[in-house]
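So this one's entry_0.txt, compact mmCIF, C-alpha atoms:
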# COMPACT_ATOMS: atom_id res chain seq x y z
CA MET A 9 121.65 93.90 34.15
CA LEU A 10 121.40 92.32 30.69
CA LEU A 11 119.78 89.21 29.31
CA SER A 12 122.27 86.51 28.44
CA PRO A 13 123.40 86.69 24.80
CA GLN A 14 121.50 83.47 24.06
CA ASP A 15 118.26 84.80 25.57
CA ALA A 16 118.66 88.16 23.83
CA GLN A 17 119.10 86.36 20.50
CA LEU A 18 116.00 84.27 21.21
CA PHE A 19 113.93 87.33 22.06
CA PHE A 20 114.85 89.16 18.86
CA LYS A 21 114.05 86.04 16.83
CA LEU A 22 110.55 85.81 18.34
CA ASN A 23 109.87 89.54 18.27
CA LYS A 24 110.91 89.97 14.64
CA ALA A 25 108.72 87.06 13.58
CA LEU A 26 105.69 88.48 15.40
CA MET A 27 106.16 92.04 14.14
CA LEU A 28 106.62 90.82 10.55
CA TYR A 29 103.32 88.99 10.88
CA VAL A 30 101.63 92.12 12.27
CA ASN A 31 102.93 94.23 9.39
CA GLN A 32 101.74 91.71 6.82
CA ARG A 33 98.26 91.61 8.36
CA LEU A 34 97.72 95.32 9.14
CA LYS A 35 100.15 97.05 6.75
CA PRO A 36 100.70 100.12 9.00
CA ILE A 37 103.74 101.15 6.89
CA ALA A 38 104.33 101.27 3.15
CA ASP A 39 107.33 98.97 3.32
CA ASN A 40 106.67 95.28 2.79
CA PRO A 41 109.60 93.29 4.21
CA ALA A 42 109.46 89.61 3.30
CA THR A 43 111.55 88.14 6.12
CA PRO A 44 112.18 88.87 9.82
CA GLU A 45 115.70 89.97 8.92
CA GLU A 46 114.36 92.52 6.43
CA PHE A 47 111.94 93.79 9.03
CA ALA A 48 114.80 94.24 11.52
CA ARG A 49 116.59 96.48 9.02
CA LEU A 50 113.72 98.99 8.97
CA SER A 51 114.25 102.33 10.72
CA PRO A 52 113.31 102.50 14.40
CA GLN A 53 110.46 104.93 13.60
CA LYS A 54 108.87 102.46 11.18
CA ARG A 55 109.24 99.60 13.64
CA ILE A 56 107.61 101.78 16.31
CA GLU A 57 104.63 102.30 13.96
CA VAL A 58 104.25 98.55 13.58
CA ASP A 59 104.60 98.14 17.33
CA GLN A 60 101.81 100.68 17.93
CA ALA A 61 99.58 98.89 15.43
CA PHE A 62 100.11 95.64 17.33
CA LEU A 63 99.17 97.28 20.64
CA GLN A 64 95.85 98.31 19.10
CA HIS A 65 95.20 94.79 17.75
CA ARG A 66 96.57 92.44 20.37
CA GLU A 67 94.22 89.72 19.18
CA LEU A 68 96.81 89.11 16.43
CA LEU A 69 98.94 87.44 19.08
CA ASP A 70 96.51 84.49 19.22
CA SER A 71 96.34 84.34 15.42
CA PHE A 72 100.13 84.28 15.20
CA ILE A 73 100.37 81.42 17.71
CA HIS A 74 97.60 79.47 15.97
CA GLU A 75 99.07 79.89 12.47
CA ASN A 76 102.72 79.71 13.58
CA PRO A 77 104.06 81.11 10.29
CA ALA A 78 107.63 81.14 11.64
CA HIS A 79 107.48 77.43 12.60
CA LEU A 80 108.41 78.09 16.22
CA SER A 81 108.79 75.34 18.80
CA GLY A 82 106.23 74.79 21.52
CA GLU A 83 108.53 76.41 24.10
CA GLU A 84 109.02 79.43 21.86
CA LEU A 85 105.27 79.76 21.29
CA ASP A 86 104.76 79.69 25.08
CA ILE A 87 107.10 82.66 25.43
CA VAL A 88 105.22 84.58 22.75
CA GLY A 89 101.94 83.64 24.42
CA SER A 90 103.13 85.13 27.69
CA TRP A 91 103.26 88.51 25.97
CA ARG A 92 99.50 88.73 26.48
CA HIS A 93 100.51 90.16 29.86
CA LEU A 94 102.56 93.02 28.41
CA VAL A 95 102.39 96.48 29.99
CA ALA A 96 102.61 99.46 27.65
CA GLY A 97 102.57 103.17 28.26
CA ASP A 98 104.58 106.08 29.63
CA PHE A 99 107.17 105.29 32.28
CA TYR A 100 109.77 107.18 34.23
CA VAL A 101 113.14 105.45 33.99
CA PHE A 102 113.75 106.14 37.63
CA ARG A 103 116.80 104.34 38.94
CA TYR A 104 119.64 102.10 37.81
CA LEU A 105 120.12 99.20 40.22
CA LYS A 106 122.48 96.25 40.15
CA ASN A 107 119.95 93.65 39.03
CA TYR A 108 117.63 95.78 36.89
CA THR A 109 116.51 99.26 35.94
CA VAL A 110 113.45 100.64 37.73
CA PHE A 111 110.65 101.79 35.43
CA LEU A 112 107.99 103.74 37.35
CA SER A 113 104.56 103.87 35.74
CA SER A 114 102.96 107.28 35.29
CA ASP A 115 99.54 106.09 36.46
CA GLU A 116 97.60 107.64 39.31
CA HIS A 117 98.67 104.66 41.43
CA PRO A 118 102.28 104.11 40.29
CA ILE A 119 103.87 100.69 39.99
CA ALA A 120 107.63 100.08 39.97
CA TYR A 121 108.94 97.47 37.53
CA GLY A 122 112.41 95.93 37.54
CA VAL A 123 113.38 95.76 33.84
CA LEU A 124 116.33 93.98 32.23
CA ALA A 125 118.14 95.38 29.22
CA LEU A 126 118.67 93.40 26.01
CA MET A 127 121.99 93.85 24.21
CA ASP A 128 123.14 97.19 25.67
CA PRO A 129 122.67 98.68 29.15
CA ILE A 130 119.71 101.05 29.30
CA GLU A 131 122.04 103.71 30.70
CA LEU A 132 123.90 103.75 27.39
CA LEU A 133 120.65 104.27 25.52
CA ILE A 134 119.11 107.13 27.50
CA GLY A 135 122.04 108.49 29.51
CA PRO A 136 123.06 108.58 33.18
CA TYR A 137 120.82 111.44 34.32
CA LEU A 138 117.48 110.31 35.72
CA PRO A 139 114.53 110.47 35.75
CA VAL A 140 113.76 110.24 32.04
CA MET A 141 110.26 109.73 30.65
CA VAL A 142 109.93 107.06 27.96
CA LYS A 143 107.27 105.26 25.99
CA ALA A 144 107.91 101.56 26.33
CA VAL A 145 106.39 98.11 26.10
CA LEU A 146 107.34 95.81 28.97
CA LEU A 147 107.20 92.07 28.27
CA PRO A 148 107.52 88.93 30.39
CA PHE A 149 110.44 86.74 29.34
CA LYS A 150 111.38 83.54 31.20
CA GLY A 151 110.21 84.85 34.57
CA GLN A 152 111.76 88.28 34.11
CA ILE A 153 110.67 91.61 32.62
CA ILE A 154 112.30 93.06 29.52
CA TYR A 155 111.33 95.84 27.13
CA ASP A 156 110.60 95.18 23.46
CA GLY A 157 113.77 96.80 22.14
CA LEU A 158 112.19 100.17 21.36
CA LEU A 159 112.43 103.09 23.80
CA SER A 160 111.07 106.48 22.79
CA SER A 161 112.40 109.05 25.27
CA SER A 162 111.46 112.71 25.74
CA ASN A 163 113.82 115.63 26.30
CA VAL A 164 111.76 116.95 29.20
CA SER A 165 113.80 117.85 32.30
CA PHE A 166 112.31 117.62 35.77
CA GLY A 167 112.70 120.21 38.50
CA PRO A 168 113.10 119.57 42.24
CA GLY A 169 109.35 119.53 42.84
CA ILE A 170 108.68 116.78 40.29
CA ARG A 171 111.69 114.82 41.53
CA ARG A 172 110.39 114.92 45.09
CA SER A 173 106.97 113.81 43.88
CA LEU A 174 108.49 110.89 41.96
CA ASN A 175 110.51 109.87 45.01
CA GLU A 176 107.30 109.77 47.03
CA SER A 177 105.57 107.77 44.28
CA PHE A 178 108.43 105.28 44.25
CA LYS A 179 108.28 104.88 48.03
CA GLN A 180 104.54 104.35 47.82
CA ALA A 181 104.90 101.78 45.03
CA LYS A 182 107.55 99.83 46.97
CA GLN A 183 105.48 99.89 50.14
CA GLN A 184 102.35 98.58 48.44
CA LEU A 185 103.67 96.03 45.92
CA GLY A 186 107.44 96.06 46.08
CA ILE A 187 109.34 96.18 42.78
CA ILE A 188 107.58 93.97 40.24
CA THR A 189 110.07 91.64 38.51
CA SER A 190 107.74 89.27 36.63
CA LEU A 191 104.51 89.47 34.65
CA PRO A 192 101.66 88.99 35.11
CA MET A 193 101.55 90.54 38.54
CA SER A 194 100.14 88.25 41.18
CA ALA A 195 96.50 88.96 41.92
CA ASN A 196 97.38 88.56 45.58
CA PRO A 197 100.89 89.94 46.12
CA PRO A 198 102.69 88.67 49.21
CA PRO A 199 101.84 90.76 52.25
CA ARG A 200 104.39 93.34 53.24
CA PRO A 201 105.81 92.97 56.75
CA MET A 202 103.66 94.96 59.13
CA LYS A 203 105.20 97.12 61.78
CA THR A 204 104.08 96.11 65.24
CA PRO A 205 103.23 98.77 67.83
CA GLU A 206 106.39 97.78 69.69
CA SER A 207 108.60 98.21 66.62
CA GLN A 208 106.95 101.55 65.82
CA THR A 209 107.58 102.72 69.39
CA ARG A 210 111.22 101.70 69.14
CA GLN A 211 111.56 103.43 65.79
CA LYS A 212 110.06 106.66 67.14
CA ALA A 213 112.34 106.53 70.18
CA LYS A 214 115.34 105.96 67.94
CA GLN A 215 114.37 108.93 65.75
CA LYS A 216 113.84 111.09 68.82
CA ASP A 217 117.27 110.20 70.19
CA LYS A 218 118.88 110.86 66.82
CA LEU A 219 117.17 114.25 66.57
CA ALA A 220 118.21 115.22 70.09
CA GLU A 221 121.81 114.27 69.34
CA ARG A 222 121.78 116.12 66.02
CA THR A 223 120.20 119.24 67.58
CA THR A 224 122.77 119.34 70.36
CA GLU A 225 125.60 119.04 67.85
CA ILE A 226 124.24 121.89 65.73
CA MET A 227 123.60 124.11 68.76
CA THR A 228 127.17 123.56 69.95
CA LEU A 229 128.56 124.60 66.55
CA VAL A 230 126.27 127.63 66.33
CA ASP A 231 126.87 128.82 69.88
CA GLN A 232 130.65 128.52 69.65
CA PHE A 233 130.77 130.33 66.32
CA CYS A 234 128.51 133.21 67.37
CA ARG A 235 130.22 133.84 70.70
CA GLU A 236 133.71 133.74 69.19
CA ARG A 237 133.05 135.67 65.95
CA LEU A 238 129.83 137.64 66.47
CA ASN A 239 128.18 138.30 69.85
CA GLU A 240 125.80 136.88 72.43
CA GLU A 241 122.72 138.36 70.75
CA TYR A 242 123.45 136.44 67.56
CA ALA A 243 124.08 133.32 69.63
CA LYS A 244 120.68 133.53 71.37
CA LEU A 245 118.76 134.07 68.14
CA ALA A 246 120.64 131.32 66.30
CA LEU A 247 120.03 128.85 69.14
CA HIS A 248 116.34 129.78 69.18
CA LEU A 249 116.11 129.17 65.43
CA THR A 250 117.83 125.79 65.84
CA GLN A 251 115.25 124.77 68.44
CA LYS A 252 112.38 125.79 66.16
CA LEU A 253 113.86 123.67 63.36
CA ALA A 254 114.13 120.74 65.76
CA ARG A 255 110.45 121.07 66.68
CA LYS A 256 109.30 120.78 63.05
CA ARG A 257 107.67 117.44 62.22
CA PRO A 258 109.42 115.90 60.48
CA SER A 259 112.47 117.90 61.45
CA PRO A 260 114.68 118.87 58.49
CA LEU A 261 117.71 118.62 60.77
CA LEU A 262 117.67 114.82 60.36
CA SER A 263 118.93 115.19 56.78
CA GLY A 264 122.15 116.92 55.80
CA THR A 265 125.22 117.50 57.94
CA PRO A 266 125.25 119.43 61.24
CA ALA A 267 127.81 121.86 59.79
CA SER A 268 125.60 122.67 56.80
CA TRP A 269 122.63 123.44 59.06
CA ALA A 270 124.81 125.51 61.40
CA SER A 271 125.98 127.59 58.44
CA GLY A 272 122.44 127.99 57.14
CA ILE A 273 121.14 129.06 60.55
CA VAL A 274 123.81 131.73 61.09
CA ARG A 275 123.40 132.90 57.50
CA SER A 276 119.63 133.30 58.02
CA ILE A 277 119.94 135.36 61.21
CA GLY A 278 122.68 137.42 59.55
CA TRP A 279 120.52 137.98 56.48
CA VAL A 280 117.67 139.41 58.58
CA ASN A 281 120.11 141.70 60.41
CA PHE A 282 122.28 142.74 57.43
CA LEU A 283 125.36 141.05 58.82
CA GLY A 284 127.22 141.68 55.55
CA ASP A 285 126.93 145.47 55.91
CA PRO A 286 130.45 146.73 56.82
CA SER A 287 128.96 149.81 58.49
CA GLN A 288 127.63 147.59 61.27
CA GLN A 289 129.40 145.86 64.11
CA PRO A 290 129.79 142.97 63.98
CA HIS A 291 129.77 142.34 60.25
CA MET A 292 130.81 139.31 58.18
CA LYS A 293 130.45 138.03 54.62
CA THR A 294 128.48 134.83 54.03
CA ALA A 295 131.53 133.18 52.46
CA GLU A 296 133.36 133.57 55.78
CA ILE A 297 130.53 131.80 57.59
CA ASP A 298 130.65 128.87 55.17
CA ARG A 299 134.43 128.57 55.43
CA ALA A 300 134.28 128.60 59.21
CA PHE A 301 131.87 125.65 59.18
CA GLY A 302 133.76 123.85 56.41
CA VAL A 303 130.94 123.81 53.86
CA SER A 304 130.65 125.16 50.33
CA GLN A 305 128.91 128.44 49.61
CA ALA A 306 126.26 126.56 47.60
CA THR A 307 125.52 124.32 50.59
CA GLY A 308 125.30 127.20 53.04
CA ALA A 309 123.11 129.22 50.69
CA GLY A 310 120.86 126.23 50.05
CA LYS A 311 120.23 125.55 53.74
CA SER A 312 119.63 129.26 54.39
CA LYS A 313 117.07 129.36 51.58
CA VAL A 314 115.24 126.37 53.09
CA ILE A 315 115.12 128.08 56.48
CA ARG A 316 114.01 131.45 55.14
CA ASP A 317 111.22 129.85 53.12
CA MET A 318 110.15 127.63 56.00
CA PHE A 319 109.74 130.49 58.48
CA LYS A 320 108.96 133.20 55.89
CA LEU A 321 111.87 135.32 57.09
CA SER A 322 112.42 138.80 55.68
CA PRO A 323 114.90 141.62 56.26
CA PHE A 324 113.97 143.62 59.36
CA ASP A 325 111.80 140.71 60.57
CA PRO A 326 110.97 141.84 64.13
CA ASN A 327 110.91 138.26 65.44
CA TRP A 328 114.52 137.71 64.37
CA THR A 329 116.06 141.16 64.79
CA LEU A 330 118.86 141.57 67.33
CA PRO A 331 117.29 143.01 70.54
CA SER A 332 119.71 145.94 70.53
CA ARG A 333 118.49 146.95 67.06
CA LEU A 334 114.74 146.64 67.63
CA GLY A 335 114.50 150.32 68.51
CA ASP A 336 115.76 151.24 65.03
CA ASN A 337 113.72 148.61 63.19
CA PRO A 338 110.67 150.32 61.66
CA MET A 339 108.93 146.99 61.05
CA ALA A 340 108.82 146.31 64.79
CA TRP A 341 106.70 149.40 65.47
CA MET A 342 104.13 149.47 62.69
CA ILE A 343 100.60 149.03 64.10
CA THR A 344 97.13 149.61 62.71
CA VAL A 345 94.65 151.72 64.68
CA ASN A 346 91.18 152.20 63.22
CA GLY A 347 92.50 151.24 59.79
CA ILE A 348 95.38 153.72 59.94
CA ILE A 349 99.00 152.50 60.03
CA LEU A 350 100.97 154.19 62.81
CA ASP A 351 104.49 154.09 64.20
CA ALA A 352 103.87 152.95 67.77
CA ARG A 353 106.89 154.92 68.99
CA HIS A 354 104.93 158.10 68.32
CA ALA A 355 101.52 156.85 69.47
CA PRO A 356 99.82 157.80 72.77
CA ARG A 357 100.98 155.88 75.82
CA GLU A 358 97.71 153.96 76.25
CA ILE A 359 97.96 152.68 72.66
CA GLN A 360 101.57 151.63 73.25
CA GLU A 361 100.60 149.74 76.39
CA GLU A 362 97.75 147.95 74.60
CA ALA A 363 99.98 147.05 71.65
CA TYR A 364 102.63 145.71 74.03
CA ARG A 365 100.03 143.72 75.98
CA LYS A 366 98.91 142.07 72.73
CA GLY A 367 102.50 141.32 71.75
CA ILE A 368 102.40 143.59 68.70
CA ILE A 369 105.43 145.68 69.71
CA PRO A 370 108.56 144.39 71.48
CA TYR A 371 108.47 146.81 74.43
CA ILE A 372 107.02 150.13 75.52
CA PRO A 373 109.21 152.94 74.19
CA GLU A 374 111.03 155.09 76.71
CA ALA A 375 110.32 152.63 79.51
CA ASP A 376 113.78 152.34 81.03
CA ASP A 377 112.86 149.37 83.18
CA GLN A 378 111.64 147.33 80.16
CA ASP A 379 114.04 144.65 78.95
CA PRO A 380 113.99 144.72 75.12
CA ASP A 381 114.69 140.97 75.09
CA GLN A 382 111.75 140.15 77.36
CA ASP A 383 109.18 137.66 76.07
CA ARG A 384 111.05 137.04 72.84

Could you take the file, read its structure, and then write that structure out as structure tokens?
Amino acid sequence: MLLSPQDAQLFFKLNKALMLYVNQRLKPIADNPATPEEFARLSPQKRIEVDQAFLQHRELLDSFIHENPAHLSGEELDIVGSWRHLVAGDFYVFRYLKNYTVFLSSDEHPIAYGVLALMDPIELLIGPYLPVMVKAVLLPFKGQIIYDGLLSSSNVSFGPGIRRSLNESFKQAKQQLGIITSLPMSANPPPRPMKTPESQTRQKAKQKDKLAERTTEIMTLVDQFCRERLNEEYAKLALHLTQKLARKRPSPLLSGTPASWASGIVRSIGWVNFLGDPSQQPHMKTAEIDRAFGVSQATGAGKSKVIRDMFKLSPFDPNWTLPSRLGDNPMAWMITVNGIILDARHAPREIQEEAYRKGIIPYIPEADDQDPDQDR
């Protein structure tokens, strides 16, 4: 959202007059413009130098108002006087909204400001891709917040970790103070609505119902796919993995589509068991899994990566190996006895029994009555 043309013109009139006065008093640059219009024609870098000099000598604001060299009206001097409450520093231009652009302070306790643009939308100045870090001076103007016309942006790009951190900072700022749209901030901001125990209980119940519904939908997709295209062993492991995801707090299943999670789950079990190896039966390429669930390969791969990282999955992982292949999985039988690594399949019977009792190996080798899938 922009200032009205009349207000934008008024702001530039006042700002140029003040900055000309600052330059005449402090002389931070070699140029010596004689009028506000000449000052406005200086390069942005030179105007930024004058701006920085003002921020270090804000007492000049009172001198300017007292001397009134530009012969401003009383109303205009009041606007300039309100700039005592300016906020300057590094900000993240965080989000473009209908009524303003959100500037998120980079302080330890972040504050979100709703800032209006002047002549051109801020998006045109710094681009559509957010967040972007800028140096800026935020000013009060007729009950709103604007910036002083100078934005110095960096070319730093932010990875997923920083973006998640900024999202959390924004949520925290909104929860504590809301989005600040006027300066100075109230010393006693209006209290945020508190959640009653009853509303919290209802919210938790609603989330629980949503998770149960989502989990059932994913399990249905996974079970149908595995039984039709793979086998029952894959179905059991995939369903077990779905249940473990549902038990996470908060459960990741509440975000994203059921089909994307179903693809990621089957991909993850297949990855552990080398499903893509054509020498095995069954075998299937990951692209086929994604197509079957109607998701892109990037989406399926992304969800699988989340799952593998969450549960620290690895190829040959004994906990997620098909029961029929445990006997050939060397990782399922490695045990340590007196500091020596042994293959339990070749260890004495009493060691095998003890390892099985402790849950270290999946079953006792050569015990025909032992179900390999027991106690999984």

When distances are computed from only C-alpha atoms, which of A:Val164, A:Met342, A:Leu147, A:Val123 shows the smallest separation from Val88 in chain A? A:Leu147

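Using all atoms listed in the file, the nearest neighbour of Tyr242 in chain A within the list A:Thr294, A:Ser304, A:Thr329, A:Thr109 is A:Thr329.
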
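Taking CA of Pro323 in chain A and CA of Glu240 in chain A as the two end points, the separation is 20.1 Å.
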
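Nearest to Pro266 in chain A of all the residues A:Thr250, A:Asn281, A:Ser173, A:Ser113 is A:Thr250, based on all atoms listed in the file.
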
Selection as number ranges by chain: residues within 10 Å of (105.5, 88.2, 37.2), counting only C-alpha atoms: A: 93, 121, 147-153, 188-194

To box range 242-247 of chain A, take all atoms listed in the file, fit an axis-aligned box, add 4 Å on each side, and give centre and edge lengths in Å to one decimal, as AutoDock Vina command-line options.
--center_x 121.4 --center_y 132.6 --center_z 68.8 --size_x 13.3 --size_y 15.6 --size_z 13.1

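Residues lying within 7 Å of (116.5, 85.5, 12.9). Counted over all atoms listed in the file, they are Lys21, Pro44 and Glu45 of chain A.
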
So which residues touch Tyr155 in chain A within 8 Å, counting all atoms listed in the file, skipping near sequence neighbours fewer than 6 positions away, as a PyMOL selection string? chain A and resi 123-126+144-147

Write to file, as a PDB file, keeping the file's coordinate frame, the residues of the selection just made, with C-alpha atoms.
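Output saved as result-v5.pdb:
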ATOM      1  CA  VAL A 123     113.380  95.760  33.840  1.00  0.00           C
ATOM      2  CA  LEU A 124     116.330  93.980  32.230  1.00  0.00           C
ATOM      3  CA  ALA A 125     118.140  95.380  29.220  1.00  0.00           C
ATOM      4  CA  LEU A 126     118.670  93.400  26.010  1.00  0.00           C
ATOM      5  CA  ALA A 144     107.910 101.560  26.330  1.00  0.00           C
ATOM      6  CA  VAL A 145     106.390  98.110  26.100  1.00  0.00           C
ATOM      7  CA  LEU A 146     107.340  95.810  28.970  1.00  0.00           C
ATOM      8  CA  LEU A 147     107.200  92.070  28.270  1.00  0.00           C
TER       9      LEU A 147
END

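For the set A:Lys216, A:Lys313, A:Arg365, A:Lys143, the residue with the smallest atom-to-atom gap to Ala96 in chain A is A:Lys143, counting only C-alpha atoms.
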
Let me make sure I understand: among A:Ala213, A:Ala78, A:Ala352, A:Ile87, which one has the smallest atom-to-atom distance to Tyr29 in chain A if we use all atoms listed in the file? A:Ala78

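Take CA of Lys54 in chain A and CA of Ile37 in chain A: the distance between them is 6.8 Å.
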
So that I can see what lies close to range 331-339 of chain A, please list as a ChimeraX atom specification the residues with an atom at most 8 Å from it, counting all atoms listed in the file and leaving out residues fewer than 2 positions away in the same chain. /A:241,324-326,329,341-342,351,370,380-381

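If you measure from each of A:Ala16, A:Ile56, A:Val30, A:Leu22 to Ile154 in chain A using all atoms listed in the file, the closest one turns out to be A:Ala16.
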
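As for CA of Ile372 in chain A and CA of Val280 in chain A, they are spaced 22.7 Å apart.
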
Contacts of Ile134 in chain A at 9 Å or less, counting all atoms listed in the file, minus same-chain residues fewer than 5 places along, as a ChimeraX atom specification? /A:101,140,159,161

Polymer residues at most 9 Å from Asn40 in chain A, only C-alpha atoms, same-chain spacing of 4 or more positions, as a list in words: Leu28, Asn31, Gln32, Lys35, Glu46 and Phe47 of chain A

Requested write-out: C-alpha atoms of the selected residues, as an mmCIF file, in the frame of the given file:
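Final output, again-v1.cif:
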data_model
loop_
_atom_site.group_PDB
_atom_site.id
_atom_site.type_symbol
_atom_site.label_atom_id
_atom_site.label_comp_id
_atom_site.auth_asym_id
_atom_site.auth_seq_id
_atom_site.Cartn_x
_atom_site.Cartn_y
_atom_site.Cartn_z
ATOM 1 C CA LEU A 28 106.620 90.820 10.550
ATOM 2 C CA ASN A 31 102.930 94.230 9.390
ATOM 3 C CA GLN A 32 101.740 91.710 6.820
ATOM 4 C CA LYS A 35 100.150 97.050 6.750
ATOM 5 C CA GLU A 46 114.360 92.520 6.430
ATOM 6 C CA PHE A 47 111.940 93.790 9.030
#

Will you model N, CA and C atoms for range 115-129 of chain A and pass it back as a compact mmCIF listing (two decimals), in the coordinates of the input?
# COMPACT_ATOMS: atom_id res chain seq x y z
N ASP A 115 100.95 106.17 36.09
CA ASP A 115 99.54 106.09 36.46
C ASP A 115 99.28 106.83 37.76
N GLU A 116 97.98 106.99 38.06
CA GLU A 116 97.60 107.64 39.31
C GLU A 116 98.13 106.85 40.50
N HIS A 117 98.11 105.53 40.39
CA HIS A 117 98.67 104.66 41.43
C HIS A 117 99.91 103.98 40.84
N PRO A 118 101.08 104.58 41.00
CA PRO A 118 102.28 104.11 40.29
C PRO A 118 102.71 102.72 40.72
N ILE A 119 103.31 102.02 39.77
CA ILE A 119 103.87 100.69 39.99
C ILE A 119 105.33 100.73 39.53
N ALA A 120 106.20 100.12 40.30
CA ALA A 120 107.63 100.08 39.97
C ALA A 120 107.96 98.70 39.38
N TYR A 121 108.57 98.71 38.20
CA TYR A 121 108.94 97.47 37.53
C TYR A 121 110.46 97.37 37.46
N GLY A 122 110.99 96.18 37.71
CA GLY A 122 112.41 95.93 37.54
C GLY A 122 112.65 95.34 36.16
N VAL A 123 113.29 96.11 35.26
CA VAL A 123 113.38 95.76 33.84
C VAL A 123 114.82 95.46 33.46
N LEU A 124 115.01 94.34 32.73
CA LEU A 124 116.33 93.98 32.23
C LEU A 124 116.54 94.58 30.84
N ALA A 125 117.79 94.90 30.55
CA ALA A 125 118.14 95.38 29.22
C ALA A 125 118.38 94.19 28.30
N LEU A 126 118.50 94.46 27.00
CA LEU A 126 118.67 93.40 26.01
C LEU A 126 120.14 93.22 25.65
N MET A 127 120.60 93.97 24.65
CA MET A 127 121.99 93.85 24.21
C MET A 127 122.90 94.88 24.87
N ASP A 128 122.35 96.10 25.10
CA ASP A 128 123.14 97.19 25.67
C ASP A 128 122.47 97.69 26.94
N PRO A 129 123.27 98.12 27.94
CA PRO A 129 122.67 98.68 29.15
C PRO A 129 121.76 99.86 28.83
